[in-house]
>>> print(open('work21.cif').read())   # mmCIF, C-alpha atoms
data_run
#
loop_
_atom_site.label_atom_id
_atom_site.label_comp_id
_atom_site.auth_asym_id
_atom_site.auth_seq_id
_atom_site.Cartn_x
_atom_site.Cartn_y
_atom_site.Cartn_z
CA MET A 1 -10.10 33.37 31.19
CA ALA A 2 -13.36 31.50 31.81
CA VAL A 3 -15.01 33.41 28.94
CA LEU A 4 -12.10 32.47 26.71
CA ILE A 5 -12.58 28.79 27.58
CA VAL A 6 -16.30 29.02 26.74
CA PHE A 7 -15.55 30.58 23.34
CA LEU A 8 -12.78 28.07 22.69
CA TYR A 9 -15.12 25.18 23.44
CA ALA A 10 -17.84 26.70 21.24
CA PHE A 11 -15.30 26.52 18.41
CA ILE A 12 -14.29 22.95 19.39
CA VAL A 13 -17.96 21.86 19.38
CA LEU A 14 -18.36 23.32 15.91
CA ILE A 15 -15.37 21.53 14.43
CA ASP A 16 -15.52 18.23 16.33
CA PRO A 17 -18.94 16.89 17.49
CA TYR A 18 -21.03 19.01 15.09
CA GLY A 19 -18.79 17.95 12.21
CA LEU A 20 -19.54 14.31 13.05
CA LEU A 21 -23.29 15.00 13.10
CA LYS A 22 -23.08 16.63 9.67
CA GLN A 23 -21.34 13.49 8.37
CA GLY A 24 -24.24 11.39 9.67
CA LEU A 25 -22.15 9.58 12.29
CA LYS A 26 -24.76 9.68 15.06
CA ARG A 27 -23.16 7.23 17.47
CA ASP A 28 -19.76 8.91 17.09
CA PHE A 29 -21.47 12.25 17.67
CA TYR A 30 -23.08 11.15 20.96
CA VAL A 31 -19.84 9.66 22.37
CA CYS A 32 -17.79 12.65 21.22
CA SER A 33 -20.32 15.07 22.73
CA ALA A 34 -20.21 13.27 26.08
CA LEU A 35 -16.40 13.41 26.10
CA CYS A 36 -16.50 17.05 24.99
CA LEU A 37 -18.81 17.89 27.90
CA LEU A 38 -16.46 16.10 30.31
CA SER A 39 -13.38 17.89 28.96
CA PHE A 40 -15.22 21.24 29.09
CA VAL A 41 -16.21 20.68 32.73
CA ILE A 42 -12.60 19.84 33.68
CA ALA A 43 -11.18 22.78 31.68
CA PHE A 44 -13.68 25.18 33.23
CA SER A 45 -12.94 23.86 36.75
CA LEU A 46 -9.21 24.24 36.17
CA THR A 47 -9.73 27.80 34.92
CA MET A 48 -11.84 28.70 37.96
CA LYS A 49 -9.17 27.06 40.17
CA TRP A 50 -11.79 24.75 41.69
CA ASP A 51 -10.48 21.68 43.47
CA ILE A 52 -10.76 18.60 41.25
CA PRO A 53 -10.38 15.27 43.10
CA SER A 54 -7.28 13.45 41.86
CA PRO A 55 -7.42 9.65 41.40
CA THR A 56 -3.91 9.31 42.90
CA PRO A 57 -4.85 9.25 46.65
CA LEU A 58 -7.49 6.61 45.86
CA ILE A 59 -4.96 4.42 44.00
CA GLU A 60 -2.38 4.94 46.76
CA GLY A 61 -4.96 3.92 49.36
CA TRP A 62 -5.76 0.67 47.50
CA VAL A 63 -2.09 -0.16 47.04
CA LYS A 64 -1.28 0.52 50.72
CA GLN A 65 -4.17 -1.76 51.76
CA LEU A 66 -2.63 -4.54 49.66
CA HIS A 67 0.79 -4.13 51.31
CA MET B 1 -12.61 1.20 10.42
CA SER B 2 -10.07 1.37 7.61
CA LYS B 3 -7.10 -1.01 7.87
CA GLU B 4 -3.88 0.73 8.83
CA THR B 5 -0.63 -1.22 8.69
CA ILE B 6 2.92 -0.51 9.77
CA THR B 7 6.05 -2.53 9.11
CA GLY B 8 7.84 -4.64 11.71
CA GLY B 9 10.73 -2.15 11.77
CA GLN B 10 8.37 0.73 12.51
CA TYR B 11 6.73 -1.29 15.27
CA THR B 12 10.14 -2.04 16.81
CA SER B 13 11.00 1.67 16.64
CA ILE B 14 7.74 2.55 18.41
CA THR B 15 8.56 -0.06 21.09
CA ILE B 16 12.04 1.42 21.66
CA MET B 17 10.81 5.02 21.82
CA PHE B 18 7.88 3.98 24.01
CA MET B 19 10.16 2.34 26.56
CA ILE B 20 13.09 4.72 26.74
CA SER B 21 11.14 7.99 26.92
CA SER B 22 10.50 8.62 30.62
CA SER B 23 13.20 6.31 31.93
CA LEU B 24 15.81 8.41 30.09
CA PHE B 25 15.09 11.28 32.45
CA MET B 26 13.41 9.90 35.53
CA GLY B 27 16.17 7.39 36.32
CA GLY B 28 15.60 4.33 38.50
CA ALA B 29 14.07 3.87 41.95
CA GLY B 30 17.56 4.01 43.46
CA LEU B 31 17.11 1.63 46.41
CA SER B 32 19.81 -0.66 45.06
CA GLY B 33 22.35 2.19 44.76
CA ASN B 34 25.24 1.30 42.50
CA SER B 35 23.77 -2.14 41.72
CA ILE B 36 20.90 -0.72 39.70
CA TRP B 37 22.29 -2.32 36.55
CA VAL B 38 21.88 -5.75 38.20
CA SER B 39 18.23 -4.97 38.94
CA LEU B 40 17.75 -3.84 35.34
CA LEU B 41 19.21 -7.09 34.05
CA LEU B 42 16.82 -8.98 36.32
CA ALA B 43 13.91 -6.84 35.12
CA ILE B 44 14.75 -7.55 31.46
CA THR B 45 14.97 -11.28 32.25
CA MET B 46 11.50 -11.10 33.83
CA ALA B 47 10.09 -9.06 30.93
CA VAL B 48 11.19 -11.48 28.17
CA PRO B 49 8.65 -14.26 28.98
CA LEU B 50 5.92 -11.67 29.40
CA VAL B 51 6.68 -10.17 26.00
CA CYS B 52 6.57 -13.70 24.54
CA ILE B 53 3.03 -14.02 25.95
CA TYR B 54 2.07 -10.72 24.30
CA ALA B 55 3.55 -11.93 21.01
CA ARG B 56 1.72 -15.27 21.34
CA LEU B 57 -1.55 -13.33 21.56
CA HIS B 58 -0.77 -11.85 18.14
CA ALA B 59 -0.13 -15.34 16.76
CA LEU B 60 -3.46 -16.55 18.18
CA PHE B 61 -5.44 -13.52 16.98
CA PRO B 62 -3.64 -12.11 13.92
CA GLY B 63 -4.92 -8.71 12.85
CA LYS B 64 -6.68 -8.11 16.18
CA ASN B 65 -5.83 -5.71 18.99
CA ILE B 66 -6.20 -6.21 22.73
CA PHE B 67 -9.78 -4.90 22.74
CA ASP B 68 -10.86 -7.39 20.02
CA MET B 69 -9.12 -10.16 21.97
CA LEU B 70 -10.82 -9.22 25.26
CA ILE B 71 -14.26 -9.20 23.61
CA ALA B 72 -13.53 -12.49 21.79
CA VAL B 73 -12.36 -14.29 24.95
CA PHE B 74 -14.44 -12.78 27.76
CA GLY B 75 -17.61 -12.09 25.79
CA LYS B 76 -19.32 -8.86 24.77
CA VAL B 77 -20.17 -7.54 28.26
CA ALA B 78 -17.25 -8.73 30.42
CA GLY B 79 -14.84 -8.06 27.55
CA ARG B 80 -16.04 -4.47 27.29
CA VAL B 81 -15.74 -3.98 31.07
CA VAL B 82 -12.11 -5.17 31.04
CA ALA B 83 -11.50 -3.07 27.90
CA CYS B 84 -12.63 0.00 29.89
CA SER B 85 -9.90 -0.71 32.45
CA TYR B 86 -7.31 -0.65 29.64
CA ILE B 87 -8.76 2.60 28.30
CA TRP B 88 -8.25 4.05 31.78
CA TYR B 89 -4.73 2.62 32.03
CA SER B 90 -3.62 4.08 28.70
CA LEU B 91 -5.21 7.45 29.49
CA HIS B 92 -3.60 7.45 32.94
CA LEU B 93 -0.18 6.41 31.64
CA GLY B 94 -0.31 9.12 28.97
CA ALA B 95 -1.17 11.67 31.67
CA LEU B 96 1.67 10.42 33.89
CA VAL B 97 4.19 10.77 31.07
CA LEU B 98 2.91 14.24 30.19
CA ARG B 99 3.23 15.21 33.83
CA ASN B 100 6.85 13.97 33.85
CA PHE B 101 7.49 16.37 31.01
CA GLY B 102 5.52 19.15 32.73
CA GLU B 103 7.53 18.77 35.95
CA PHE B 104 10.75 18.68 33.97
CA SER B 105 9.95 21.88 32.09
CA LYS B 106 8.75 23.58 35.29
CA THR B 107 11.86 22.55 37.24
CA VAL B 108 14.60 23.03 34.66
CA PRO B 109 14.13 25.05 31.44
CA LEU B 110 10.79 26.95 31.74
CA THR B 111 10.55 27.82 35.42
CA ALA B 112 8.27 30.83 34.98
CA THR B 113 5.89 29.24 32.47
CA PRO B 114 2.70 27.56 33.75
CA MET B 115 3.08 23.79 33.57
CA ILE B 116 -0.01 23.32 31.40
CA VAL B 117 1.49 25.30 28.48
CA PRO B 118 4.26 22.85 27.44
CA MET B 119 1.99 19.89 28.27
CA LEU B 120 -0.80 21.27 26.10
CA CYS B 121 1.64 21.89 23.23
CA ILE B 122 2.86 18.28 23.37
CA GLY B 123 -0.69 17.00 23.88
CA LEU B 124 -1.99 18.81 20.78
CA LEU B 125 0.98 17.56 18.75
CA CYS B 126 0.08 14.02 19.80
CA VAL B 127 -3.60 14.61 18.90
CA TRP B 128 -2.47 15.69 15.43
CA ALA B 129 -0.19 12.61 15.09
CA VAL B 130 -2.91 10.19 16.22
CA ARG B 131 -5.52 11.74 13.94
CA ALA B 132 -3.04 11.30 11.09
CA GLY B 133 -2.93 7.58 11.90
CA ILE B 134 -0.61 4.88 13.23
CA GLU B 135 1.34 4.92 9.94
CA VAL B 136 2.45 8.48 10.67
CA ILE B 137 3.45 7.55 14.23
CA GLY B 138 5.35 4.52 12.87
CA ARG B 139 7.22 6.49 10.21
CA SER B 140 8.05 9.27 12.71
CA ALA B 141 9.28 6.71 15.24
CA LYS B 142 11.50 5.00 12.67
CA PHE B 143 13.18 8.29 11.79
CA LEU B 144 13.35 9.68 15.32
CA VAL B 145 14.71 6.50 16.91
CA LEU B 146 17.86 6.82 14.79
CA PHE B 147 18.30 10.42 15.92
CA VAL B 148 17.73 9.55 19.59
CA LEU B 149 20.08 6.54 19.56
CA PHE B 150 22.79 8.52 17.73
CA GLU B 151 22.46 11.38 20.18
CA LEU B 152 22.64 9.01 23.18
CA PHE B 153 25.71 7.36 21.69
CA ILE B 154 27.47 10.73 21.24
CA ILE B 155 26.63 11.79 24.82
CA GLN B 156 27.88 8.42 26.07
CA ILE B 157 31.21 8.97 24.28
CA PHE B 158 31.53 12.55 25.58
CA SER B 159 30.84 11.32 29.13
CA LEU B 160 33.72 8.82 29.06
CA PRO B 161 36.32 11.26 30.56
CA LEU B 162 33.96 11.89 33.51
CA PHE B 163 33.54 8.22 34.45
CA GLU B 164 34.67 7.35 37.97
CA TYR B 165 34.69 3.58 38.08
CA HIS B 166 34.97 3.34 41.86
CA HIS B 167 31.25 4.28 41.99
CA LEU B 168 30.48 0.72 40.89
CA LEU B 169 31.98 -0.79 44.03
CA PRO B 170 31.07 -2.38 46.41
CA LEU B 171 28.59 -4.40 44.38
CA LEU B 172 25.27 -5.33 46.04
CA ASP B 173 26.09 -3.01 48.95
CA ASN B 174 22.38 -2.51 49.78
CA GLY B 175 21.58 -6.22 49.60
CA TRP B 176 19.44 -8.40 47.35
CA ASN B 177 16.12 -7.10 48.72
CA ALA B 178 16.85 -3.61 47.40
CA VAL B 179 17.94 -5.07 44.05
CA LEU B 180 14.74 -7.12 43.76
CA SER B 181 12.59 -4.15 44.70
CA ASP B 182 14.28 -2.03 42.03
CA ALA B 183 13.95 -4.90 39.55
CA MET B 184 10.17 -4.92 40.13
CA SER B 185 10.07 -1.14 39.67
CA SER B 186 12.05 -1.33 36.42
CA PHE B 187 9.93 -4.27 35.27
CA SER B 188 6.68 -2.32 35.64
CA PHE B 189 8.18 1.02 34.53
CA PRO B 190 8.94 0.86 31.63
CA LEU B 191 9.47 -2.75 30.49
CA ALA B 192 6.01 -4.26 31.05
CA GLU B 193 4.29 -1.09 29.84
CA THR B 194 4.67 -2.70 26.41
CA VAL B 195 1.27 -4.24 27.17
CA LEU B 196 -0.19 -1.10 25.60
CA LEU B 197 1.47 -2.03 22.32
CA LEU B 198 -1.13 -4.80 22.13
CA GLY B 199 -3.59 -2.01 21.46
CA ALA B 200 -1.89 -1.41 18.10
CA PHE B 201 -1.43 -5.10 17.19
CA HIS B 202 -4.12 -4.87 14.49
CA SER B 203 -1.75 -2.66 12.48
CA LEU B 204 1.03 -5.26 12.51
CA PRO B 205 0.87 -7.37 9.31
CA ASP B 206 -0.16 -11.02 9.88
CA ARG B 207 3.08 -12.29 8.34
CA ALA B 208 5.28 -10.15 10.64
CA SER B 209 6.68 -12.08 13.60
CA ALA B 210 5.46 -10.34 16.75
CA TYR B 211 8.09 -12.29 18.72
CA ARG B 212 10.94 -10.82 16.70
CA VAL B 213 9.47 -7.33 16.63
CA MET B 214 8.67 -7.07 20.34
CA LEU B 215 11.69 -8.96 21.69
CA SER B 216 14.11 -6.88 19.65
CA GLY B 217 12.37 -3.72 20.84
CA VAL B 218 12.53 -4.75 24.48
CA LEU B 219 16.15 -5.95 24.33
CA ILE B 220 17.42 -2.85 22.47
CA SER B 221 15.61 -0.43 24.76
CA GLY B 222 16.64 -2.46 27.83
CA GLY B 223 20.28 -2.20 26.68
CA VAL B 224 19.94 1.55 26.10
CA ILE B 225 18.41 2.08 29.55
CA ILE B 226 21.21 0.08 31.22
CA LEU B 227 23.84 2.17 29.40
CA VAL B 228 22.14 5.44 30.39
CA TYR B 229 21.80 4.35 34.05
CA LEU B 230 25.42 3.20 34.11
CA ARG B 231 26.54 6.53 32.64
CA ASN B 232 24.61 8.46 35.30
CA MET B 233 26.04 6.19 37.99
CA LEU B 234 29.63 6.54 36.82
CA VAL B 235 29.39 10.31 36.38
CA LEU B 236 27.39 11.26 39.46
CA GLY B 237 27.63 8.37 41.91
CA PRO B 238 24.73 6.62 43.69
CA GLU B 239 24.31 9.17 46.52
CA ILE B 240 23.86 12.14 44.18
CA ILE B 241 21.55 10.21 41.84
CA THR B 242 19.06 9.45 44.63
CA SER B 243 18.85 13.16 45.49
CA LEU B 244 18.02 14.24 41.92
CA TYR B 245 14.71 14.20 40.05
CA PHE B 246 16.30 14.22 36.58
CA PRO B 247 19.77 12.63 36.91
CA SER B 248 20.39 12.29 33.15
CA TYR B 249 20.04 16.03 32.67
CA VAL B 250 22.56 16.76 35.44
CA ALA B 251 24.99 14.06 34.23
CA THR B 252 24.89 15.49 30.70
CA SER B 253 25.35 19.05 31.97
CA ARG B 254 28.76 18.07 33.37
CA ILE B 255 30.19 17.28 29.95
CA ASN B 256 33.03 19.64 29.10
CA ILE B 257 35.24 18.85 26.13
CA GLY B 258 38.22 21.23 26.20
CA ASP B 259 36.12 24.19 27.42
CA PHE B 260 34.66 24.22 23.91
CA LEU B 261 31.81 21.70 23.91
CA THR B 262 29.79 22.46 27.05
CA ARG B 263 26.15 22.83 28.18
CA ILE B 264 24.88 20.16 25.82
CA GLU B 265 22.15 19.00 28.22
CA GLY B 266 19.62 20.71 25.95
CA SER B 267 20.27 18.06 23.32
CA SER B 268 19.49 15.29 25.81
CA ALA B 269 16.24 17.10 26.59
CA ILE B 270 15.40 17.00 22.86
CA ALA B 271 15.81 13.21 22.88
CA PHE B 272 13.53 13.01 25.92
CA VAL B 273 10.83 15.12 24.26
CA THR B 274 10.94 13.25 20.94
CA ALA B 275 10.62 9.88 22.68
CA LEU B 276 7.88 11.28 24.89
CA VAL B 277 5.82 12.42 21.89
CA ILE B 278 5.80 8.86 20.53
CA LYS B 279 4.84 7.40 23.93
CA VAL B 280 2.00 9.84 24.58
CA SER B 281 0.78 9.42 20.99
CA LEU B 282 0.61 5.67 21.43
CA CYS B 283 -1.21 5.97 24.77
CA LEU B 284 -3.72 8.34 23.15
CA TYR B 285 -4.07 6.05 20.12
CA VAL B 286 -4.80 2.99 22.31
CA ALA B 287 -7.28 4.91 24.49
CA SER B 288 -9.10 6.18 21.38
CA ILE B 289 -9.13 2.74 19.74
CA GLY B 290 -10.53 1.33 22.99
CA ILE B 291 -13.34 3.89 23.12
CA ALA B 292 -14.14 3.17 19.47
CA LYS B 293 -14.32 -0.59 20.15
CA VAL B 294 -16.34 -0.34 23.36
CA PHE B 295 -18.92 2.01 21.85
CA ASN B 296 -18.76 0.46 18.37
CA LEU B 297 -17.82 3.71 16.62
CA LYS B 298 -17.10 4.11 12.89
CA SER B 299 -13.66 5.60 13.52
CA TYR B 300 -11.38 6.15 16.50
CA ARG B 301 -10.57 9.58 15.07
CA SER B 302 -13.94 10.88 16.28
CA VAL B 303 -12.76 10.90 19.90
CA VAL B 304 -9.03 11.65 19.57
CA LEU B 305 -9.25 15.41 20.24
CA GLN B 306 -11.47 15.04 23.30
CA MET B 307 -9.41 12.15 24.73
CA GLY B 308 -6.24 14.18 24.15
CA LEU B 309 -7.65 17.20 25.97
CA ILE B 310 -8.86 15.02 28.88
CA MET B 311 -5.37 13.44 29.06
CA VAL B 312 -3.72 16.87 29.28
CA TYR B 313 -6.16 18.10 31.95
CA LEU B 314 -5.74 14.87 33.93
CA SER B 315 -1.98 15.39 33.92
CA VAL B 316 -2.52 18.83 35.51
CA PHE B 317 -4.40 17.70 38.62
CA ILE B 318 -3.12 14.13 38.97
CA PHE B 319 -0.30 15.02 41.40
CA LYS B 320 0.11 17.86 43.85
CA ASP B 321 3.84 18.27 43.23
CA ILE B 322 6.99 16.62 41.89
CA MET B 323 7.52 14.65 45.13
CA GLY B 324 4.09 13.07 44.77
CA MET B 325 4.92 12.13 41.18
CA GLN B 326 8.25 10.57 42.18
CA TYR B 327 6.65 8.61 45.05
CA PHE B 328 3.89 7.29 42.79
CA ALA B 329 6.31 6.34 39.99
CA PHE B 330 8.73 4.37 42.17
CA HIS B 331 6.59 2.99 45.02
CA ILE B 332 2.93 2.79 44.01
CA TYR B 333 3.05 2.25 40.25
CA LYS B 334 4.60 -1.24 40.35
CA VAL B 335 1.67 -2.61 42.37
CA TYR B 336 -1.00 -0.54 40.60
CA ALA B 337 0.14 -1.56 37.10
CA PHE B 338 0.66 -5.27 37.90
CA PRO B 339 -2.93 -6.37 37.03
CA PHE B 340 -2.83 -4.52 33.68
CA GLN B 341 0.64 -5.72 32.77
CA VAL B 342 0.67 -9.30 34.05
CA ILE B 343 -2.56 -10.68 35.55
CA ILE B 344 -5.09 -9.72 32.84
CA PRO B 345 -2.74 -10.61 29.92
CA MET B 346 -2.03 -14.01 31.55
CA ILE B 347 -5.76 -14.74 31.94
CA LEU B 348 -6.33 -13.47 28.40
CA TRP B 349 -3.58 -15.73 27.05
CA ILE B 350 -4.95 -18.86 28.80
CA GLY B 351 -8.48 -17.99 27.66
CA SER B 352 -7.26 -17.37 24.10
CA GLU B 353 -5.54 -20.76 23.93
CA ILE B 354 -8.78 -22.46 25.05
CA VAL B 355 -11.00 -20.44 22.65
CA VAL B 356 -8.71 -20.99 19.65
CA ARG B 357 -8.41 -24.76 20.33
CA ARG B 358 -12.18 -25.08 20.77
CA ASN B 359 -12.76 -23.26 17.48
CA LYS B 360 -10.22 -25.51 15.73
CA ASN B 361 -11.94 -28.65 17.09
CA LYS B 362 -15.33 -27.34 15.93
CA THR B 363 -13.92 -26.71 12.43
CA ALA B 364 -12.36 -30.20 12.34
CA VAL B 365 -15.68 -31.86 13.37
CA ALA B 366 -17.65 -29.82 10.80
#
>>> encode(input="work21.cif", output="structure tokens")
Amino acid sequence: MAVLIVFLYAFIVLIDPYGLLKQGLKRDFYVCSALCLLSFVIAFSLTMKWDIPSPTPLIEGWVKQLH
Amino acid sequence: MSKETITGGQYTSITIMFMISSSLFMGGAGLSGNSIWVSLLLAITMAVPLVCIYARLHALFPGKNIFDMLIAVFGKVAGRVVACSYIWYSLHLGALVLRNFGEFSKTVPLTATPMIVPMLCIGLLCVWAVRAGIEVIGRSAKFLVLFVLFELFIIQIFSLPLFEYHHLLPLLDNGWNAVLSDAMSSFSFPLAETVLLLGAFHSLPDRASAYRVMLSGVLISGGVIILVYLRNMLVLGPEIITSLYFPSYVATSRINIGDFLTRIEGSSAIAFVTALVIKVSLCLYVASIGIAKVFNLKSYRSVVLQMGLIMVYLSVFIFKDIMGMQYFAFHIYKVYAFPFQVIIPMILWIGSEIVVRRNKNKTAVA
């Protein structure tokens, strides 16, 4: 499954960030690449069943402090 | 960025679909029991002035969205920082709504399918819609809202034989505190979530009255939500409703017209999914527009796919289970969303009035 994700993201990089670079949209390319890296890291972590920290306990903690 | 415009009618349709989507299935907080309709009326009354403030922002900054307004009022740095909080809010809200759908599909129709599969399908559909532009979302919403309202009307009629009116009494049995608490919950979810519609204000023509468009959207959807809650209450009763995660689905499943027309809950699920697609699309659109504004990109379309994928992944690990989702939606969300829905827009409105008056005075002196 992890290999599949890597291949899938190779395809996504080709059609999304690389496509922007070919169009000469450098700033769009950098931002898109950063987001692509982030989404790849999350997708890979989910595939490997690694524990990703959820923002919900943090938000709940803040809200309970306010109460 | 190229100028995209939608008509007032399309904007109203988006508002209605945006507001009724999750509340159609999730139901209310349920503290007020059979008086939930009173709390909804209170929530609508509280939401009307807030929506007027949102509409006033459009009058002050015609052709601008919330991110333009934030940068114009708070300056380039502080404006961008506050804009980032709205990017987070829209991304988070989109993930919450997707998770509602994921939990629904995991609990009811697709129990053996991994939750990410239906969420990814909806997420990719929304990515496609947002990449196509706000005009496509607007046209889809205008068509789909008729279908959803018609379908809700038919289900309402079919439910009439199941109504047990004694469920409505005694009124205010749980006291005013419970009613007010539920009113705050209903105010934040879904009524004041319309703050995200400010992210698409640039597509509303300058001549269109934002007051008319937004107020009609809020009042129509508020009326629809009251009718749906009342139907659930009259069919199931307050005790059963509080023990269910998706009361509308159960209430619809009880419809039986002469042993011929039965099991029509699937059609109510279709209405839920169609409304949900519009809501998630709008959340994704606003998040992408925000990223494009903050980083000064040529087009918001450059980041739509990545933002959509992040939204879907976030919805996977945001809650441990359905109980966590329910607790967050009815107890935490109203406090968490308050700054985004009320405090920041109020400060923005006051700041906008000052900035616009100062600019007018400068023009008059010159």
>>> resolve_selection(input="work21.cif", expression="the PyMOL selection byres ((chain A) within 10 of (chain B))", output="JSON, numbers by chain")
{"A": [12, 16, 17, 19, 20, 25, 26, 27, 28, 29, 31, 32, 33, 34, 35, 36, 37, 38, 39, 40, 42, 43, 46, 51, 52, 53, 54, 55, 56, 57, 59, 60, 61, 62, 63, 64, 66, 67]}
>>> atom_distance(input="work21.cif", atom1="atom CA of Arg357 of chain B", atom2="atom CA of Arg212 of chain B")
24.1 Å
>>> resolve_selection(input="work21.cif", expression="the PyMOL selection byres ((chain B and resi 160) around 12)", output="VMD selection string")
chain B and resid 153 to 159 161 to 165 227 230 to 232 234 to 235 251 to 252 254 to 257
>>> residues_around(input="work21.cif", residues="Ser221 of chain B", least_positions_apart="5", cutoff="9 Å", atoms="only C-alpha atoms", output="list of chain:residue names")
B:Thr15, B:Ile16, B:Met17, B:Phe18, B:Met19, B:Ile20, B:Leu191, B:Ser216, B:Ile226
>>> atom_distance(input="work21.cif", atom1="atom CA of Pro190 of chain B", atom2="atom CA of Gln341 of chain B")
10.7 Å
>>> decode(input="work21.cif", residues="segment 79-97 of chain B", atoms="C-alpha atoms", output="PDB file, in the first residue's frame")
ATOM      1  CA  GLY B  79      -4.464  40.831   8.056  1.00  0.00           C
ATOM      2  CA  ARG B  80      -2.602  37.827   6.668  1.00  0.00           C
ATOM      3  CA  VAL B  81      -2.235  36.311  10.157  1.00  0.00           C
ATOM      4  CA  VAL B  82      -6.000  36.574  10.781  1.00  0.00           C
ATOM      5  CA  ALA B  83      -6.620  35.278   7.230  1.00  0.00           C
ATOM      6  CA  CYS B  84      -4.602  32.161   8.154  1.00  0.00           C
ATOM      7  CA  SER B  85      -7.010  31.504  11.025  1.00  0.00           C
ATOM      8  CA  TYR B  86      -9.916  31.567   8.548  1.00  0.00           C
ATOM      9  CA  ILE B  87      -8.044  29.223   6.213  1.00  0.00           C
ATOM     10  CA  TRP B  88      -7.726  26.830   9.155  1.00  0.00           C
ATOM     11  CA  TYR B  89     -11.394  27.263  10.104  1.00  0.00           C
ATOM     12  CA  SER B  90     -12.657  26.508   6.593  1.00  0.00           C
ATOM     13  CA  LEU B  91     -10.312  23.524   6.249  1.00  0.00           C
ATOM     14  CA  HIS B  92     -11.356  22.238   9.673  1.00  0.00           C
ATOM     15  CA  LEU B  93     -15.073  22.743   9.016  1.00  0.00           C
ATOM     16  CA  GLY B  94     -14.784  20.931   5.684  1.00  0.00           C
ATOM     17  CA  ALA B  95     -13.028  18.049   7.450  1.00  0.00           C
ATOM     18  CA  LEU B  96     -15.713  17.957  10.169  1.00  0.00           C
ATOM     19  CA  VAL B  97     -18.495  17.771   7.585  1.00  0.00           C
TER      20      VAL B  97
END
